[in-house]
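Novice: If it helps, the file is called work15.cif and holds mmCIF, C-alpha atoms:
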```cif
data_query
loop_
_atom_site.label_atom_id
_atom_site.label_comp_id
_atom_site.auth_asym_id
_atom_site.auth_seq_id
_atom_site.Cartn_x
_atom_site.Cartn_y
_atom_site.Cartn_z
CA MET J 1 0.00 0.00 0.00
CA PRO J 2 1.50 3.40 -0.90
CA LYS J 3 2.83 5.74 1.74
CA PHE J 4 1.00 8.91 2.66
CA ARG J 5 2.37 11.66 0.43
CA TRP J 6 3.10 14.88 2.32
CA PRO J 7 2.76 17.81 -0.14
CA LYS J 8 5.97 19.76 -0.58
CA HIS J 9 4.42 23.10 -1.49
CA ARG J 10 1.06 24.84 -1.32
CA LYS J 11 0.70 24.49 -5.10
CA ASP J 12 0.46 20.71 -4.60
CA LEU J 13 -2.86 21.31 -2.88
CA GLU J 14 -4.30 22.92 -6.04
CA MET J 15 -3.67 19.97 -8.36
CA SER J 16 -6.48 18.59 -10.42
CA ASP J 17 -7.39 14.91 -10.05
CA GLN J 18 -5.45 13.99 -13.18
CA GLN J 19 -2.38 15.97 -12.05
CA HIS J 20 -2.64 14.41 -8.62
CA ASP J 21 -2.63 10.90 -10.10
CA ASN J 22 0.29 11.78 -12.39
CA ALA J 23 2.29 13.16 -9.48
CA ILE J 24 1.80 9.95 -7.55
CA ALA J 25 2.89 7.90 -10.56
CA GLU J 26 6.00 10.05 -11.00
CA ASP J 27 6.99 9.42 -7.40
CA GLY J 28 6.85 5.70 -8.06
CA GLN J 29 3.83 5.20 -5.82
CA SER J 30 1.20 2.85 -7.19
CA ALA J 31 -2.37 3.73 -6.22
CA ALA J 32 -4.45 1.12 -4.44
CA THR J 33 -7.52 -0.19 -6.22
CA THR J 34 -11.09 0.65 -5.35
CA SER J 35 -11.65 -2.84 -3.96
CA GLU J 36 -8.69 -2.51 -1.59
CA ALA J 37 -9.99 0.83 -0.31
CA CYS J 38 -13.44 -0.60 0.25
CA ASN J 39 -12.03 -3.60 2.13
CA LEU J 40 -10.01 -1.19 4.26
CA LEU J 41 -13.05 0.96 5.03
CA GLU J 42 -15.38 -1.96 5.67
CA THR J 43 -13.16 -3.08 8.54
CA CYS J 44 -14.17 0.16 10.28
CA SER J 45 -17.88 -0.66 9.99
CA PRO J 46 -18.82 -3.66 12.20
CA ALA J 47 -22.17 -4.16 10.49
CA MET J 48 -20.64 -4.31 7.03
CA ALA J 49 -17.71 -6.39 8.21
CA SER J 50 -20.03 -9.04 9.64
CA THR J 51 -22.21 -9.28 6.52
CA ASP J 52 -19.39 -9.27 4.01
CA SER J 53 -16.76 -11.29 5.91
CA ARG J 54 -17.30 -14.34 3.67
CA GLU J 55 -16.90 -12.30 0.47
CA ASN J 56 -13.76 -10.59 1.80
CA LYS J 57 -12.17 -13.93 2.66
CA ARG J 58 -13.09 -15.52 -0.66
CA HIS J 59 -11.69 -12.68 -2.75
CA ARG J 60 -8.76 -11.60 -0.59
CA GLY J 61 -5.64 -10.95 -2.63
CA HIS J 62 -7.47 -10.24 -5.92
CA ARG J 63 -7.13 -6.73 -7.35
CA LEU J 64 -10.31 -5.36 -8.88
CA SER J 65 -11.01 -2.15 -10.74
CA ALA J 66 -14.19 -0.12 -10.30
CA THR J 67 -15.78 -1.84 -13.33
CA GLN J 68 -14.49 -5.42 -12.99
CA SER J 69 -16.40 -8.32 -11.52
CA PRO J 70 -14.96 -10.46 -8.74
CA VAL J 71 -12.86 -13.47 -9.66
CA PRO J 72 -15.03 -16.61 -9.31
CA ASP J 73 -14.18 -18.98 -6.53
CA GLN J 74 -13.01 -22.36 -7.84
CA HIS J 75 -14.64 -24.17 -4.91
CA GLY J 76 -18.11 -22.64 -4.99
CA PRO J 77 -20.58 -20.37 -6.75
CA GLU J 78 -19.57 -16.84 -7.60
CA GLN J 79 -20.27 -14.19 -4.94
CA GLN J 80 -21.11 -10.61 -5.96
CA PRO J 81 -19.87 -8.01 -3.43
CA GLN J 82 -20.48 -5.31 -6.09
CA THR J 83 -23.69 -4.22 -7.81
CA ASP J 84 -23.55 -2.97 -11.41
CA GLY J 85 -19.80 -2.57 -11.17
CA VAL J 86 -20.06 -0.16 -8.20
CA PRO J 87 -18.66 -1.30 -4.82
CA ARG J 88 -21.37 -1.72 -2.21
CA LEU J 89 -19.65 0.76 0.08
CA LEU J 90 -20.02 3.57 -2.47
CA ARG J 91 -23.76 2.92 -2.69
CA LEU J 92 -24.25 3.91 0.95
CA PRO J 93 -25.95 7.24 1.76
CA ARG J 94 -23.43 10.06 1.89
CA ASP J 95 -23.91 10.80 5.58
CA LEU J 96 -23.43 7.12 6.48
CA LEU J 97 -20.29 6.93 4.34
CA GLU J 98 -18.95 9.99 6.18
CA GLN J 99 -19.45 8.15 9.47
CA VAL J 100 -17.44 5.21 8.14
CA LEU J 101 -14.62 7.50 6.98
CA SER J 102 -14.61 9.37 10.31
CA ASN J 103 -13.10 6.24 11.93
CA LEU J 104 -9.92 6.65 9.89
CA ASP J 105 -6.82 8.71 10.60
CA ALA J 106 -5.27 11.24 8.22
CA ARG J 107 -2.78 8.79 6.72
CA THR J 108 -5.48 6.25 5.87
CA LEU J 109 -7.79 8.94 4.50
CA GLY J 110 -4.95 9.98 2.19
CA LEU J 111 -4.65 6.41 0.92
CA VAL J 112 -8.40 6.25 0.38
CA ALA J 113 -8.30 9.48 -1.64
CA GLN J 114 -5.53 8.05 -3.83
CA SER J 115 -7.32 4.75 -4.38
CA CYS J 116 -10.65 5.93 -5.77
CA LYS J 117 -11.76 9.07 -7.56
CA ALA J 118 -15.17 8.88 -5.88
CA PHE J 119 -13.56 10.05 -2.64
CA ARG J 120 -11.96 13.01 -4.44
CA THR J 121 -15.20 14.47 -5.82
CA TYR J 122 -16.01 18.00 -4.70
CA ASP J 123 -18.95 18.84 -2.47
CA PRO J 124 -21.10 21.55 -4.16
CA VAL J 125 -21.84 23.30 -0.85
CA THR J 126 -18.42 23.40 0.82
CA ASN J 127 -16.35 23.17 -2.40
CA LEU J 128 -14.17 20.58 -0.62
CA ARG J 129 -13.20 17.10 -1.69
CA PHE J 130 -15.15 14.38 0.06
CA VAL J 131 -12.16 13.24 2.15
CA ASP J 132 -11.26 16.87 2.97
CA LYS J 133 -14.79 17.51 4.23
CA VAL J 134 -14.51 14.48 6.51
CA ALA J 135 -11.07 15.67 7.64
CA ARG J 136 -12.44 19.18 8.34
CA ASP J 137 -15.17 17.81 10.59
CA LEU J 138 -12.64 15.67 12.47
CA VAL J 139 -10.30 18.66 12.91
CA HIS J 140 -13.10 20.72 14.46
CA VAL J 141 -13.71 17.92 16.98
CA LYS J 142 -10.02 17.48 17.83
CA CYS J 143 -9.17 21.20 18.15
CA GLY J 144 -11.63 22.01 20.92
CA THR J 145 -11.06 25.68 21.81
CA ALA J 146 -8.18 26.12 19.35
CA ASN J 147 -8.72 27.72 15.95
CA PRO J 148 -9.19 24.81 13.49
CA ALA J 149 -7.99 26.94 10.54
CA ARG J 150 -4.88 28.33 12.22
CA TRP J 151 -2.50 26.44 9.89
CA LYS J 152 -3.55 28.30 6.75
CA ASN J 153 -0.85 26.86 4.48
CA TYR J 154 -2.17 23.32 4.81
CA ASN J 155 -5.33 21.63 3.55
CA TRP J 156 -7.78 19.93 5.90
CA LEU J 157 -6.26 16.49 5.45
CA GLU J 158 -2.85 17.83 6.44
CA ARG J 159 -4.36 19.72 9.39
CA LEU J 160 -5.89 16.46 10.59
CA TYR J 161 -2.45 14.86 10.37
CA ILE J 162 -1.01 17.75 12.41
CA GLU J 163 -3.73 17.51 15.07
CA GLY J 164 -3.14 13.78 15.37
CA THR J 165 0.62 14.18 15.88
CA ILE J 166 1.67 13.72 19.51
CA THR J 167 5.32 14.21 20.44
CA ASN J 168 6.14 13.19 23.99
CA PHE J 169 8.93 14.34 26.26
CA ASP J 170 12.08 12.50 27.26
CA ARG J 171 10.79 12.29 30.81
CA LYS J 172 13.72 10.39 32.26
CA ARG J 173 16.23 12.93 30.96
CA CYS J 174 14.01 15.90 31.86
CA GLU J 175 13.37 14.72 35.41
CA LYS J 176 17.12 14.50 35.95
CA GLN J 177 17.31 18.16 34.96
CA GLY J 178 14.78 19.09 37.66
CA PHE J 179 11.50 19.08 35.71
CA GLN J 180 8.42 17.72 37.46
CA PHE J 181 5.40 16.32 35.59
CA HIS J 182 1.97 16.67 37.22
CA ASP J 183 -1.37 15.39 35.94
CA ASN J 184 -4.12 17.97 36.33
CA LYS J 185 -7.38 16.00 36.48
CA GLU J 186 -9.57 19.13 36.54
CA SER J 187 -8.29 20.54 33.24
CA SER J 188 -7.30 17.14 31.79
CA THR J 189 -3.80 18.41 31.02
CA VAL J 190 -0.23 17.66 32.06
CA ASN J 191 1.70 20.42 33.84
CA ILE J 192 5.50 20.67 33.74
CA LYS J 193 7.43 22.75 36.29
CA LEU J 194 11.12 23.41 36.71
CA GLU J 195 12.34 23.07 40.27
CA GLY J 196 15.60 24.96 40.74
CA ILE J 197 17.48 27.46 38.62
CA GLY J 198 18.10 27.39 34.88
CA PRO J 199 18.85 27.29 32.14
CA LYS J 200 17.58 23.72 31.69
CA LEU J 201 16.44 21.97 28.53
CA LEU J 202 13.08 20.29 28.08
CA VAL J 203 13.51 17.91 25.11
CA SER J 204 11.40 15.51 23.07
CA ASP J 205 11.80 11.74 23.11
CA VAL J 206 12.11 11.44 19.30
CA THR J 207 14.05 13.22 16.55
CA THR J 208 13.46 14.26 12.96
CA ALA J 209 15.14 11.00 11.96
CA ASP J 210 12.47 8.97 13.77
CA VAL J 211 9.26 10.67 12.60
CA PRO J 212 8.31 12.93 9.65
CA LEU J 213 6.68 15.52 11.94
CA MET J 214 7.13 16.58 15.57
CA ARG J 215 4.62 18.80 17.34
CA TRP J 216 4.38 20.55 20.69
CA ARG J 217 1.55 22.76 21.92
CA MET J 218 1.92 24.36 25.34
CA GLU J 219 0.47 27.19 27.41
CA LEU J 220 2.68 29.37 29.63
CA LYS J 221 1.76 29.35 33.31
CA GLY J 222 4.93 30.56 35.03
CA ASN J 223 8.15 32.43 34.23
CA ASN J 224 7.85 34.10 30.83
CA ALA J 225 11.58 33.87 30.11
CA MET J 226 11.65 30.84 27.81
CA GLU J 227 12.99 29.71 24.44
CA PHE J 228 11.43 27.26 21.99
CA GLY J 229 12.85 25.51 18.95
CA VAL J 230 15.00 22.56 17.91
CA ILE J 231 18.50 21.48 18.85
CA PRO J 232 20.89 18.88 17.41
CA GLU J 233 20.58 15.65 19.35
CA CYS J 234 24.26 15.74 20.31
CA LEU J 235 23.71 19.04 22.23
CA GLN J 236 20.81 17.95 24.43
CA GLU J 237 23.06 17.67 27.50
CA LYS J 238 24.06 21.35 27.31
CA GLY J 239 21.57 23.68 28.98
CA LYS J 240 22.71 26.71 26.98
CA SER J 241 22.94 25.02 23.58
CA MET J 242 19.85 26.83 22.25
CA HIS J 243 20.31 29.95 24.37
CA LYS J 244 23.69 30.60 22.76
CA CYS J 245 22.99 28.90 19.39
CA GLU J 246 25.92 26.57 19.95
CA GLU J 247 27.32 24.63 17.02
CA CYS J 248 27.76 20.86 17.13
CA PRO J 249 30.84 19.15 15.60
CA CYS J 250 28.90 18.43 12.40
CA GLY J 251 28.20 22.14 11.88
CA ASP J 252 24.48 22.14 12.77
CA ARG J 253 23.07 24.81 15.07
CA SER J 254 19.99 25.24 17.20
CA ALA J 255 17.07 27.24 15.81
CA GLY J 256 14.06 28.85 17.41
CA PHE J 257 12.83 31.97 19.17
CA ALA J 258 13.07 33.55 22.61
CA SER J 259 10.69 35.61 24.68
CA SER J 260 11.43 39.32 24.63
CA ILE J 261 12.51 39.42 28.30
CA THR J 262 15.04 36.58 27.96
CA VAL J 263 18.43 38.16 28.69
CA GLY J 264 21.51 37.08 26.74
CA SER J 265 19.74 34.96 24.11
CA THR J 266 21.45 34.87 20.72
CA LEU J 267 18.40 33.49 18.92
CA PRO J 268 17.48 35.88 16.08
CA ILE J 269 13.72 36.05 16.86
CA LYS J 270 12.35 37.74 19.99
CA VAL J 271 8.61 37.45 20.69
CA PRO J 272 6.50 38.92 23.53
CA LEU J 273 5.19 36.10 25.72
CA MET J 274 3.00 36.27 28.79
CA ARG J 275 1.02 34.07 31.11
CA GLY J 276 -1.66 32.41 29.00
CA SER J 277 0.33 32.49 25.75
CA VAL J 278 -0.07 29.32 23.70
CA ILE J 279 2.97 28.17 21.72
CA GLU J 280 2.67 25.54 19.02
CA ILE J 281 5.73 24.17 17.20
CA LEU J 282 5.92 22.02 14.08
CA ALA J 283 9.31 20.55 13.24
CA MET J 284 10.18 18.65 10.09
CA LYS J 285 13.56 17.68 8.72
CA HIS J 286 14.05 20.90 6.75
CA ARG J 287 11.34 23.16 8.17
CA LEU J 288 10.36 24.71 11.49
CA GLU J 289 7.08 26.54 12.09
CA PHE J 290 5.77 28.45 15.12
CA MET J 291 2.30 29.62 16.05
CA ILE J 292 2.06 31.99 19.04
CA SER J 293 -1.35 33.02 20.39
CA ASN J 294 -1.41 35.71 23.08
CA PRO J 295 -4.49 36.23 25.29
CA GLN J 296 -6.71 39.26 24.94
CA GLY J 297 -6.06 41.73 27.74
CA GLY J 298 -2.82 39.98 28.70
CA MET J 299 -0.05 41.65 30.67
CA GLU J 300 3.40 41.59 29.07
CA MET J 301 6.46 41.66 31.29
CA VAL J 302 9.02 44.31 30.26
CA TRP J 303 12.34 45.39 31.72
CA HIS J 304 12.41 48.63 33.72
CA ASN J 305 15.92 49.37 34.95
CA THR J 306 16.87 46.05 36.57
CA HIS J 307 13.37 44.73 37.23
CA THR J 308 10.52 43.38 35.15
CA VAL J 309 7.18 45.16 35.40
CA PRO J 310 3.79 44.26 33.85
CA LYS J 311 2.51 46.25 30.91
CA ALA J 312 -0.73 45.92 28.96
CA TYR J 313 -0.09 43.97 25.77
CA LYS J 314 -1.24 45.77 22.61
CA GLY J 315 0.38 43.61 19.95
CA PRO J 316 -1.14 41.05 17.59
CA SER J 317 -3.08 38.20 19.14
CA GLU J 318 -1.55 35.63 16.77
CA MET J 319 1.90 35.35 15.20
CA HIS J 320 3.18 32.78 12.72
CA PHE J 321 6.85 32.19 11.88
CA ASP J 322 8.41 29.92 9.28
CA HIS J 323 12.07 28.93 9.65
CA PRO J 324 13.93 26.82 7.04
CA LEU J 325 16.38 24.25 8.44
CA GLN J 326 19.57 23.03 6.81
CA SER J 327 20.52 20.38 9.31
CA THR J 328 22.26 17.16 8.37
CA LYS J 329 21.83 15.38 11.71
CA PRO J 330 18.75 14.46 13.80
CA LEU J 331 17.04 17.34 15.63
CA LYS J 332 14.96 17.33 18.81
CA LEU J 333 12.25 19.68 19.95
CA ALA J 334 13.51 21.70 22.90
CA ALA J 335 12.54 24.47 25.31
CA THR J 336 14.99 26.43 27.46
CA CYS J 337 13.54 27.15 30.90
CA TRP J 338 14.60 29.18 33.91
CA ALA J 339 13.51 29.22 37.56
CA ARG J 340 9.72 28.99 38.18
CA ALA J 341 9.03 27.96 34.60
CA SER J 342 5.68 26.22 34.23
CA VAL J 343 3.72 25.08 31.17
CA ASP J 344 0.52 23.15 30.55
CA VAL J 345 0.92 20.54 27.83
CA LEU J 346 -1.98 20.77 25.37
CA HIS J 347 -0.90 18.30 22.69
CA VAL J 348 -0.76 15.23 24.95
CA PRO J 349 -4.07 13.94 26.40
CA GLY J 350 -4.12 14.10 30.16
CA PRO J 351 -6.14 12.00 32.65
CA GLY J 352 -9.80 11.88 31.74
CA LYS J 353 -9.18 13.31 28.26
CA PRO J 354 -9.99 11.08 25.25
CA GLN J 355 -7.12 10.02 23.04
#
```
Would you put the structure from the file into structure tokens?

Specialist:
Amino acid sequence: MPKFRWPKHRKDLEMSDQQHDNAIAEDGQSAATTSEACNLLETCSPAMASTDSRENKRHRGHRLSATQSPVPDQHGPEQQPQTDGVPRLLRLPRDLLEQVLSNLDARTLGLVAQSCKAFRTYDPVTNLRFVDKVARDLVHVKCGTANPARWKNYNWLERLYIEGTITNFDRKRCEKQGFQFHDNKESSTVNIKLEGIGPKLLVSDVTTADVPLMRWRMELKGNNAMEFGVIPECLQEKGKSMHKCEECPCGDRSAGFASSITVGSTLPIKVPLMRGSVIEILAMKHRLEFMISNPQGGMEMVWHNTHTVPKAYKGPSEMHFDHPLQSTKPLKLAATCWARASVDVLHVPGPGKPQ
């Protein structure tokens, strides 16, 4: 079965069906047949799986097009899982078919879209492909209070893939650095606090070599002096590796942004952060993206002589940064924290929160 194809540019999202199929063929990816997609989907529908289990077993392994009849069984009469050349699944009412598709994740929905043109037809009301409409509805459910359309450079299928990406923390390493993880049952979130002085690094448990996409989404609850970004894996033991943009032996450097009150940071981007700010990071092998959402009526901490004082924030409520990466070695998500740093983790389900 072909791998899920992550579009390289926004123009990939505007391809026609014929161009889409040609692009897949050029990449050496063979599309699955309609029968394979239907078998895949029918496993998500218990009622259909129970009624068609005999047909699926009898014809397993045979590849059928949308207009071909099933291969007759040599040991019994021919079964007909299709009617008039149309798979039974595609003859379901549209709303029921949407319910079947809603049990799939983004990667499987992408395979379904590649396998059959019927799932790529455009809805006249929403002007979205059938699979994109299903993905949009799933994104709205997963986002909760977050803006479902905040990642404007991606289509709904890609946004569903982003929302379903969960990157955990290297808890063993982080706890040695003084971080404490607390489950908040009331808000169904995980809270992370730094006990002691900084700078200390909060790092992910995987790298860009392990997964195609890493994602963190956190809300600030404590000290606003923080930095977010990626670091080379070989520098994860150095607390100032991102703060000072240190270079590893291979020549790779850390990348990211710092809050505007962070003193001594050599990161090129400084952003106002405050209690209640939500930071979301997407990291791919050659690309880093940030989404910062600041609360309405928030109080920004600014330096006055040698002290920080609160000041009413009057800047934009949402900021989006795109940072190209030219690394040759694996990178980890990282956050530099100082004393009294505290964040609520929003991308990992907490106790009592559905997966």

Novice: Which residue out of J:Ala258, J:Arg88, J:Trp156, J:Pro330 has the minimum interatomic distance to J:Ala209 when all atoms listed in the file are used?

Specialist: J:Pro330

Novice: What is the atom CA of J:Arg217-atom CA of J:Gln180 distance in Å, reported with one decimal?

Specialist: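 Rounded to one decimal, the two atoms are 17.7 Å apart.
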
Novice: Enumerate, as an MDAnalysis selection string, the residues matched when the PyMOL selection byres ((chain J and resi 325) around 12) is run on the file above.

Specialist: chainID J and resid 208 229:232 252:256 283:289 322:324 326:331

Novice: Env of J:Tyr122: 12 Å cut, atoms = all atoms listed in the file, seq-sep filter 4 positions within chain, self excluded. Answer as a ChimeraX atom specification.

Specialist: /J:16-17,113,117-118,126-134

Novice: Once you have the residues from the selection above, write them out as an mmCIF file, keeping the file's coordinate frame, restricted to C-alpha atoms.

Specialist:
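Result file out-v8.cif:
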```
data_model
loop_
_atom_site.group_PDB
_atom_site.id
_atom_site.type_symbol
_atom_site.label_atom_id
_atom_site.label_comp_id
_atom_site.auth_asym_id
_atom_site.auth_seq_id
_atom_site.Cartn_x
_atom_site.Cartn_y
_atom_site.Cartn_z
ATOM 1 C CA SER J 16 -6.480 18.590 -10.420
ATOM 2 C CA ASP J 17 -7.390 14.910 -10.050
ATOM 3 C CA ALA J 113 -8.300 9.480 -1.640
ATOM 4 C CA LYS J 117 -11.760 9.070 -7.560
ATOM 5 C CA ALA J 118 -15.170 8.880 -5.880
ATOM 6 C CA THR J 126 -18.420 23.400 0.820
ATOM 7 C CA ASN J 127 -16.350 23.170 -2.400
ATOM 8 C CA LEU J 128 -14.170 20.580 -0.620
ATOM 9 C CA ARG J 129 -13.200 17.100 -1.690
ATOM 10 C CA PHE J 130 -15.150 14.380 0.060
ATOM 11 C CA VAL J 131 -12.160 13.240 2.150
ATOM 12 C CA ASP J 132 -11.260 16.870 2.970
ATOM 13 C CA LYS J 133 -14.790 17.510 4.230
ATOM 14 C CA VAL J 134 -14.510 14.480 6.510
#
```

Novice: If you apply the PyMOL selection byres ((chain J and resi 163) around 12) to this file, what residues do you get, as a VMD selection string?

Specialist: chain J and resid 105 to 106 135 to 136 138 to 144 146 to 151 154 156 to 162 164 to 167 213 to 217 280 to 282 346 to 349 355

Novice: Taking all atoms listed in the file into account, name the residue in J:Cys174, J:Val345, J:Pro124, J:Glu227 that is nearest to J:Val190.

Specialist: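 Under the stated criterion, the closest residue is J:Val345.
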
Novice: Around stretch 137-143 of chain J, with edges along x, y and z and 8 Å added on all six sides, what centre and edge lengths do you get, in Å to one decimal, as lines of an AutoDock Vina configuration file?

Specialist:
```
center_x = -12.2
center_y = 18.4
center_z = 14.4
size_x = 22.0
size_y = 21.5
size_z = 23.6
```

Novice: Identify which of the residues J:Glu246, J:Glu219, J:Asp95, J:Glu237 lies closest to J:Ser293, counting only C-alpha atoms when measuring atom-to-atom distances.

Specialist: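 So, comparing all the options, the nearest one is J:Glu219.
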